[in-house]
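So this one's my_file_36.pdb, PDB, C-alpha atoms:
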```pdb
MODEL        1
ATOM      1  CA  MET Y   1    -102.602 165.325  84.915  1.00  0.00           C
ATOM      2  CA  MET Y   2    -100.646 168.377  83.702  1.00  0.00           C
ATOM      3  CA  ARG Y   3     -99.241 168.915  87.185  1.00  0.00           C
ATOM      4  CA  ASN Y   4     -97.962 165.298  87.296  1.00  0.00           C
ATOM      5  CA  ALA Y   5     -96.307 165.717  83.888  1.00  0.00           C
ATOM      6  CA  THR Y   6     -94.630 168.946  85.020  1.00  0.00           C
ATOM      7  CA  LEU Y   7     -93.452 167.290  88.226  1.00  0.00           C
ATOM      8  CA  ALA Y   8     -92.098 164.290  86.279  1.00  0.00           C
ATOM      9  CA  LEU Y   9     -90.217 166.614  83.908  1.00  0.00           C
ATOM     10  CA  LEU Y  10     -88.762 168.561  86.842  1.00  0.00           C
ATOM     11  CA  LEU Y  11     -87.598 165.368  88.572  1.00  0.00           C
ATOM     12  CA  ALA Y  12     -86.068 164.040  85.341  1.00  0.00           C
ATOM     13  CA  THR Y  13     -84.183 167.314  84.878  1.00  0.00           C
ATOM     14  CA  LEU Y  14     -82.841 167.206  88.429  1.00  0.00           C
ATOM     15  CA  ALA Y  15     -81.767 163.581  88.038  1.00  0.00           C
ATOM     16  CA  ALA Y  16     -79.879 164.263  84.774  1.00  0.00           C
ATOM     17  CA  PRO Y  17     -76.102 164.567  85.175  1.00  0.00           C
ATOM     18  CA  ALA Y  18     -74.901 168.152  85.270  1.00  0.00           C
ATOM     19  CA  ALA Y  19     -72.716 169.347  82.429  1.00  0.00           C
ATOM     20  CA  ALA Y  20     -70.425 171.086  84.905  1.00  0.00           C
ATOM     21  CA  HIS Y  21     -66.965 172.023  83.694  1.00  0.00           C
ATOM     22  CA  VAL Y  22     -63.682 172.337  85.522  1.00  0.00           C
ATOM     23  CA  THR Y  23     -63.308 176.084  86.090  1.00  0.00           C
ATOM     24  CA  LEU Y  24     -61.128 178.663  87.826  1.00  0.00           C
ATOM     25  CA  GLU Y  25     -62.479 180.546  90.834  1.00  0.00           C
ATOM     26  CA  GLN Y  26     -61.012 183.893  89.706  1.00  0.00           C
ATOM     27  CA  THR Y  27     -61.887 184.613  86.070  1.00  0.00           C
ATOM     28  CA  GLU Y  28     -59.527 187.578  85.603  1.00  0.00           C
ATOM     29  CA  ALA Y  29     -55.821 188.013  86.272  1.00  0.00           C
ATOM     30  CA  LYS Y  30     -53.414 190.940  85.945  1.00  0.00           C
ATOM     31  CA  LEU Y  31     -50.517 190.676  83.534  1.00  0.00           C
ATOM     32  CA  GLY Y  32     -47.130 190.842  85.214  1.00  0.00           C
ATOM     33  CA  ALA Y  33     -48.639 189.851  88.571  1.00  0.00           C
ATOM     34  CA  THR Y  34     -48.933 186.800  90.792  1.00  0.00           C
ATOM     35  CA  TYR Y  35     -52.124 184.763  90.354  1.00  0.00           C
ATOM     36  CA  LYS Y  36     -53.593 182.193  92.732  1.00  0.00           C
ATOM     37  CA  ALA Y  37     -55.383 179.609  90.614  1.00  0.00           C
ATOM     38  CA  VAL Y  38     -58.131 177.700  92.399  1.00  0.00           C
ATOM     39  CA  LEU Y  39     -59.183 174.927  90.052  1.00  0.00           C
ATOM     40  CA  ARG Y  40     -62.759 173.829  90.815  1.00  0.00           C
ATOM     41  CA  VAL Y  41     -63.491 170.181  90.007  1.00  0.00           C
ATOM     42  CA  PRO Y  42     -67.262 169.663  90.317  1.00  0.00           C
ATOM     43  CA  HIS Y  43     -67.488 165.874  89.892  1.00  0.00           C
ATOM     44  CA  GLY Y  44     -65.771 162.601  89.056  1.00  0.00           C
ATOM     45  CA  CYS Y  45     -65.940 160.806  85.681  1.00  0.00           C
ATOM     46  CA  GLY Y  46     -69.512 159.680  85.131  1.00  0.00           C
ATOM     47  CA  ASP Y  47     -70.191 157.424  88.106  1.00  0.00           C
ATOM     48  CA  GLN Y  48     -66.501 156.899  88.916  1.00  0.00           C
ATOM     49  CA  ALA Y  49     -64.306 158.746  91.382  1.00  0.00           C
ATOM     50  CA  THR Y  50     -61.437 160.900  90.138  1.00  0.00           C
ATOM     51  CA  HIS Y  51     -58.081 159.624  91.413  1.00  0.00           C
ATOM     52  CA  THR Y  52     -55.730 161.955  89.479  1.00  0.00           C
ATOM     53  CA  VAL Y  53     -55.889 165.593  88.378  1.00  0.00           C
ATOM     54  CA  ARG Y  54     -53.292 166.810  85.849  1.00  0.00           C
ATOM     55  CA  VAL Y  55     -52.873 170.486  84.970  1.00  0.00           C
ATOM     56  CA  GLN Y  56     -50.707 171.690  82.086  1.00  0.00           C
ATOM     57  CA  ILE Y  57     -48.862 174.963  82.711  1.00  0.00           C
ATOM     58  CA  PRO Y  58     -48.519 176.829  79.399  1.00  0.00           C
ATOM     59  CA  GLU Y  59     -45.691 179.168  78.449  1.00  0.00           C
ATOM     60  CA  GLY Y  60     -46.189 182.620  79.968  1.00  0.00           C
ATOM     61  CA  PHE Y  61     -47.129 181.433  83.474  1.00  0.00           C
ATOM     62  CA  PHE Y  62     -43.975 180.947  85.532  1.00  0.00           C
ATOM     63  CA  ASN Y  63     -42.659 180.543  89.086  1.00  0.00           C
ATOM     64  CA  VAL Y  64     -45.430 177.989  89.689  1.00  0.00           C
ATOM     65  CA  LYS Y  65     -45.950 176.555  93.173  1.00  0.00           C
ATOM     66  CA  PRO Y  66     -48.742 174.023  93.760  1.00  0.00           C
ATOM     67  CA  MET Y  67     -50.482 173.605  97.113  1.00  0.00           C
ATOM     68  CA  PRO Y  68     -50.341 170.100  98.622  1.00  0.00           C
ATOM     69  CA  LYS Y  69     -53.693 168.405  99.362  1.00  0.00           C
ATOM     70  CA  ALA Y  70     -54.249 166.041 102.246  1.00  0.00           C
ATOM     71  CA  GLY Y  71     -54.867 162.532 100.906  1.00  0.00           C
ATOM     72  CA  TRP Y  72     -53.298 163.246  97.502  1.00  0.00           C
ATOM     73  CA  THR Y  73     -49.718 162.780  96.250  1.00  0.00           C
ATOM     74  CA  LEU Y  74     -48.282 165.929  94.648  1.00  0.00           C
ATOM     75  CA  GLU Y  75     -45.818 165.804  91.747  1.00  0.00           C
ATOM     76  CA  THR Y  76     -44.521 168.409  89.316  1.00  0.00           C
ATOM     77  CA  VAL Y  77     -42.932 168.018  85.904  1.00  0.00           C
ATOM     78  CA  LYS Y  78     -40.309 170.663  85.199  1.00  0.00           C
ATOM     79  CA  GLY Y  79     -38.656 171.741  81.986  1.00  0.00           C
ATOM     80  CA  PRO Y  80     -37.085 174.689  80.168  1.00  0.00           C
ATOM     81  CA  TYR Y  81     -39.120 177.759  79.249  1.00  0.00           C
ATOM     82  CA  ALA Y  82     -39.096 179.015  75.648  1.00  0.00           C
ATOM     83  CA  LYS Y  83     -37.706 182.311  76.967  1.00  0.00           C
ATOM     84  CA  ALA Y  84     -36.405 183.737  80.240  1.00  0.00           C
ATOM     85  CA  TYR Y  85     -38.768 185.493  82.658  1.00  0.00           C
ATOM     86  CA  ASP Y  86     -37.880 188.188  85.179  1.00  0.00           C
ATOM     87  CA  ASN Y  87     -38.777 187.077  88.703  1.00  0.00           C
ATOM     88  CA  HIS Y  88     -38.019 190.117  90.888  1.00  0.00           C
ATOM     89  CA  GLY Y  89     -34.654 190.740  89.218  1.00  0.00           C
ATOM     90  CA  THR Y  90     -33.696 187.079  88.723  1.00  0.00           C
ATOM     91  CA  GLN Y  91     -33.882 185.504  85.269  1.00  0.00           C
ATOM     92  CA  VAL Y  92     -35.891 182.255  85.372  1.00  0.00           C
ATOM     93  CA  THR Y  93     -35.290 179.867  82.458  1.00  0.00           C
ATOM     94  CA  GLU Y  94     -37.073 176.712  83.626  1.00  0.00           C
ATOM     95  CA  GLY Y  95     -39.915 175.677  85.860  1.00  0.00           C
ATOM     96  CA  VAL Y  96     -43.093 173.694  86.380  1.00  0.00           C
ATOM     97  CA  GLN Y  97     -44.855 172.635  83.183  1.00  0.00           C
ATOM     98  CA  GLU Y  98     -47.334 170.182  84.686  1.00  0.00           C
ATOM     99  CA  ILE Y  99     -48.849 169.614  88.132  1.00  0.00           C
ATOM    100  CA  ILE Y 100     -50.166 166.180  89.093  1.00  0.00           C
ATOM    101  CA  TRP Y 101     -52.268 165.412  92.154  1.00  0.00           C
ATOM    102  CA  SER Y 102     -52.741 161.625  92.329  1.00  0.00           C
ATOM    103  CA  GLY Y 103     -53.833 158.847  94.652  1.00  0.00           C
ATOM    104  CA  GLY Y 104     -56.877 160.759  95.829  1.00  0.00           C
ATOM    105  CA  ASN Y 105     -60.559 159.952  95.827  1.00  0.00           C
ATOM    106  CA  LEU Y 106     -63.076 162.473  94.485  1.00  0.00           C
ATOM    107  CA  PRO Y 107     -66.421 160.659  94.096  1.00  0.00           C
ATOM    108  CA  ASN Y 108     -68.754 161.867  91.382  1.00  0.00           C
ATOM    109  CA  GLU Y 109     -71.142 163.173  94.056  1.00  0.00           C
ATOM    110  CA  TRP Y 110     -68.481 165.450  95.588  1.00  0.00           C
ATOM    111  CA  TYR Y 111     -66.677 168.660  94.668  1.00  0.00           C
ATOM    112  CA  ASP Y 112     -63.089 169.683  95.363  1.00  0.00           C
ATOM    113  CA  GLU Y 113     -60.552 172.405  94.635  1.00  0.00           C
ATOM    114  CA  PHE Y 114     -56.897 172.185  93.594  1.00  0.00           C
ATOM    115  CA  THR Y 115     -54.740 175.261  94.130  1.00  0.00           C
ATOM    116  CA  PHE Y 116     -51.491 176.580  92.646  1.00  0.00           C
ATOM    117  CA  ARG Y 117     -49.936 179.981  92.148  1.00  0.00           C
ATOM    118  CA  GLY Y 118     -47.547 181.586  89.748  1.00  0.00           C
ATOM    119  CA  SER Y 119     -46.914 184.760  87.773  1.00  0.00           C
ATOM    120  CA  PHE Y 120     -48.184 185.880  84.405  1.00  0.00           C
ATOM    121  CA  ALA Y 121     -45.614 187.369  82.041  1.00  0.00           C
ATOM    122  CA  GLY Y 122     -46.208 191.069  81.443  1.00  0.00           C
ATOM    123  CA  ASP Y 123     -46.010 190.729  77.658  1.00  0.00           C
ATOM    124  CA  LEU Y 124     -48.983 188.394  77.148  1.00  0.00           C
ATOM    125  CA  PRO Y 125     -51.922 189.877  75.181  1.00  0.00           C
ATOM    126  CA  VAL Y 126     -54.187 192.187  77.204  1.00  0.00           C
ATOM    127  CA  ASP Y 127     -57.805 190.940  77.202  1.00  0.00           C
ATOM    128  CA  GLY Y 128     -56.650 187.560  75.899  1.00  0.00           C
ATOM    129  CA  MET Y 129     -57.684 184.263  77.466  1.00  0.00           C
ATOM    130  CA  PHE Y 130     -55.104 182.030  79.126  1.00  0.00           C
ATOM    131  CA  TYR Y 131     -55.998 178.358  79.509  1.00  0.00           C
ATOM    132  CA  PHE Y 132     -54.820 175.631  81.878  1.00  0.00           C
ATOM    133  CA  PRO Y 133     -55.697 172.333  80.134  1.00  0.00           C
ATOM    134  CA  THR Y 134     -56.778 169.869  82.829  1.00  0.00           C
ATOM    135  CA  VAL Y 135     -57.394 166.113  82.817  1.00  0.00           C
ATOM    136  CA  GLN Y 136     -59.275 164.137  85.470  1.00  0.00           C
ATOM    137  CA  GLU Y 137     -58.297 160.462  85.507  1.00  0.00           C
ATOM    138  CA  CYS Y 138     -60.626 157.756  86.836  1.00  0.00           C
ATOM    139  CA  ALA Y 139     -60.493 153.954  87.031  1.00  0.00           C
ATOM    140  CA  ASN Y 140     -61.912 153.381  83.535  1.00  0.00           C
ATOM    141  CA  GLY Y 141     -61.456 156.658  81.725  1.00  0.00           C
ATOM    142  CA  GLU Y 142     -60.879 160.362  81.937  1.00  0.00           C
ATOM    143  CA  GLU Y 143     -62.481 163.758  81.541  1.00  0.00           C
ATOM    144  CA  ALA Y 144     -60.106 165.842  79.384  1.00  0.00           C
ATOM    145  CA  TRP Y 145     -60.860 169.547  79.808  1.00  0.00           C
ATOM    146  CA  ILE Y 146     -58.361 170.598  77.130  1.00  0.00           C
ATOM    147  CA  ASP Y 147     -60.264 172.587  74.464  1.00  0.00           C
ATOM    148  CA  THR Y 148     -58.510 175.971  74.281  1.00  0.00           C
ATOM    149  CA  SER Y 149     -60.454 177.246  71.242  1.00  0.00           C
ATOM    150  CA  GLY Y 150     -62.505 179.703  73.300  1.00  0.00           C
ATOM    151  CA  ASP Y 151     -65.707 178.312  71.744  1.00  0.00           C
ATOM    152  CA  GLU Y 152     -68.409 178.809  74.362  1.00  0.00           C
ATOM    153  CA  ASN Y 153     -70.217 175.719  73.028  1.00  0.00           C
ATOM    154  CA  ALA Y 154     -67.177 173.435  73.410  1.00  0.00           C
ATOM    155  CA  ASP Y 155     -67.948 170.128  75.119  1.00  0.00           C
ATOM    156  CA  MET Y 156     -64.706 169.977  77.120  1.00  0.00           C
ATOM    157  CA  PRO Y 157     -63.395 173.552  77.554  1.00  0.00           C
ATOM    158  CA  ALA Y 158     -60.107 174.058  79.368  1.00  0.00           C
ATOM    159  CA  PRO Y 159     -60.388 176.264  82.440  1.00  0.00           C
ATOM    160  CA  GLY Y 160     -59.374 179.781  81.465  1.00  0.00           C
ATOM    161  CA  VAL Y 161     -58.750 183.219  82.844  1.00  0.00           C
ATOM    162  CA  LYS Y 162     -59.024 186.588  81.089  1.00  0.00           C
ATOM    163  CA  LEU Y 163     -55.794 188.580  81.231  1.00  0.00           C
ATOM    164  CA  ILE Y 164     -56.191 192.257  82.091  1.00  0.00           C
ATOM    165  CA  LYS Y 165     -53.709 195.120  82.155  1.00  0.00           C
ATOM    166  CA  GLY Y 166     -51.541 195.086  85.242  1.00  0.00           C
ATOM    167  CA  ASP Y 167     -48.930 197.353  86.744  1.00  0.00           C
ATOM    168  CA  HIS Y 168     -46.094 195.502  84.946  1.00  0.00           C
ATOM    169  CA  SER Y 169     -47.743 194.690  81.604  1.00  0.00           C
ATOM    170  CA  HIS Y 170     -46.430 196.004  78.302  1.00  0.00           C
TER     171      HIS Y 170
ENDMDL
END
```
As structure tokens, what does this structure read like?
Amino acid sequence: MMRNATLALLLATLAAPAAAHVTLEQTEAKLGATYKAVLRVPHGCGDQATHTVRVQIPEGFFNVKPMPKAGWTLETVKGPYAKAYDNHGTQVTEGVQEIIWSGGNLPNEWYDEFTFRGSFAGDLPVDGMFYFPTVQECANGEEAWIDTSGDENADMPAPGVKLIKGDHSH
């Protein structure tokens, strides 16, 4: 009888939906250096497929270039930066502030990755966390991974990367 109860509990645990978060493949990045962000999306929204992934690009990450994905439409929203950034001797005053992959189909049972690259400013805080708030849109709702509080118990934490001292950090 005990064995059946243990087996039933194990099966119930495996059948429960995973509380998987959207995360970044590389969890550390050097200040003042280029960073390739691989955003890992582990599921859709409940039992619905994700059709749109939106990533906010906060101040301090510049010269952003997203990677196109087969089967998805790629769009960027550009705007002015709060300050100018040095990109190999050229002052950059505006750039990508949001990346949108849309028109795709990521069923809840599947996993996918969305990639972009850019540079971290050298004057961001060493050992600080840098977050990329991300929203998955589905037919009847969304999963908004936008909590940038750093609380490890947050229900919907934004994907983040720890910033470490680089060759060009101050």
query: Could you name the residues that touch range 82-86 of chain Y at 12 Å or less, counting all atoms listed in the file, but leaving out those on the same chain fewer than 4 positions away, as JSON, numbers by chain?
result: {"Y": [32, 33, 58, 59, 60, 61, 62, 63, 90, 91, 92, 93, 94, 95, 97, 118, 119, 120, 121, 122, 123, 124, 168]}
message: Counting only C-alpha atoms, which residue out of Y:Leu163, Y:Met129, Y:Cys138, Y:Ala154 sits closest to Val53 in chain Y?
response: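 Looking at the shortest contact to Val53 in chain Y, the residue is Y:Cys138.
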field: Top pick for closest residue to Pro42 in chain Y, considering Y:Gly150, Y:Gly71, Y:Pro107, Y:Gly79 and counting all atoms listed in the file
entry: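 Closest to Pro42 in chain Y, using all atoms listed in the file: Y:Pro107.
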query: Any chance you could work out the residue set of the PyMOL selection byres ((chain Y and resi 144-146) around 9) here, as a list in words?
result: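 Against this file, the PyMOL selection byres ((chain Y and resi 144-146) around 9) returns the residues His21, Val22, Tyr131, Phe132, Pro133, Thr134, Val135, Gln136, Glu137, Glu142, Glu143, Asp147, Thr148, Asp155, Met156, Pro157, Ala158 and Pro159 of chain Y.
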Expected file contents, prior selection, C-alpha atoms, as a PDB file, keeping the file's coordinate frame:
```pdb
ATOM      1  CA  HIS Y  21     -66.965 172.023  83.694  1.00  0.00           C
ATOM      2  CA  VAL Y  22     -63.682 172.337  85.522  1.00  0.00           C
ATOM      3  CA  TYR Y 131     -55.998 178.358  79.509  1.00  0.00           C
ATOM      4  CA  PHE Y 132     -54.820 175.631  81.878  1.00  0.00           C
ATOM      5  CA  PRO Y 133     -55.697 172.333  80.134  1.00  0.00           C
ATOM      6  CA  THR Y 134     -56.778 169.869  82.829  1.00  0.00           C
ATOM      7  CA  VAL Y 135     -57.394 166.113  82.817  1.00  0.00           C
ATOM      8  CA  GLN Y 136     -59.275 164.137  85.470  1.00  0.00           C
ATOM      9  CA  GLU Y 137     -58.297 160.462  85.507  1.00  0.00           C
ATOM     10  CA  GLU Y 142     -60.879 160.362  81.937  1.00  0.00           C
ATOM     11  CA  GLU Y 143     -62.481 163.758  81.541  1.00  0.00           C
ATOM     12  CA  ASP Y 147     -60.264 172.587  74.464  1.00  0.00           C
ATOM     13  CA  THR Y 148     -58.510 175.971  74.281  1.00  0.00           C
ATOM     14  CA  ASP Y 155     -67.948 170.128  75.119  1.00  0.00           C
ATOM     15  CA  MET Y 156     -64.706 169.977  77.120  1.00  0.00           C
ATOM     16  CA  PRO Y 157     -63.395 173.552  77.554  1.00  0.00           C
ATOM     17  CA  ALA Y 158     -60.107 174.058  79.368  1.00  0.00           C
ATOM     18  CA  PRO Y 159     -60.388 176.264  82.440  1.00  0.00           C
TER      19      PRO Y 159
END
```
- request: To one decimal in Å, tell me the separation between CA of Val38 in chain Y and CA of Ala70 in chain Y.
  value: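 Interatomic distance, CA of Val38 in chain Y to CA of Ala70 in chain Y: 15.7 Å.
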- prompt: Expanded to explicit residues, what is the PyMOL selection byres ((chain Y and resi 115) around 6) for this file, as a list in words?
  reply: Ala37, Val38, Met67, Phe114 and Phe116 of chain Y
- request: State, in Å with one decimal place, the distance from CA of Val77 in chain Y to CA of Gln48 in chain Y.
  value: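 We find that CA of Val77 in chain Y and CA of Gln48 in chain Y lie 26.2 Å from each other.
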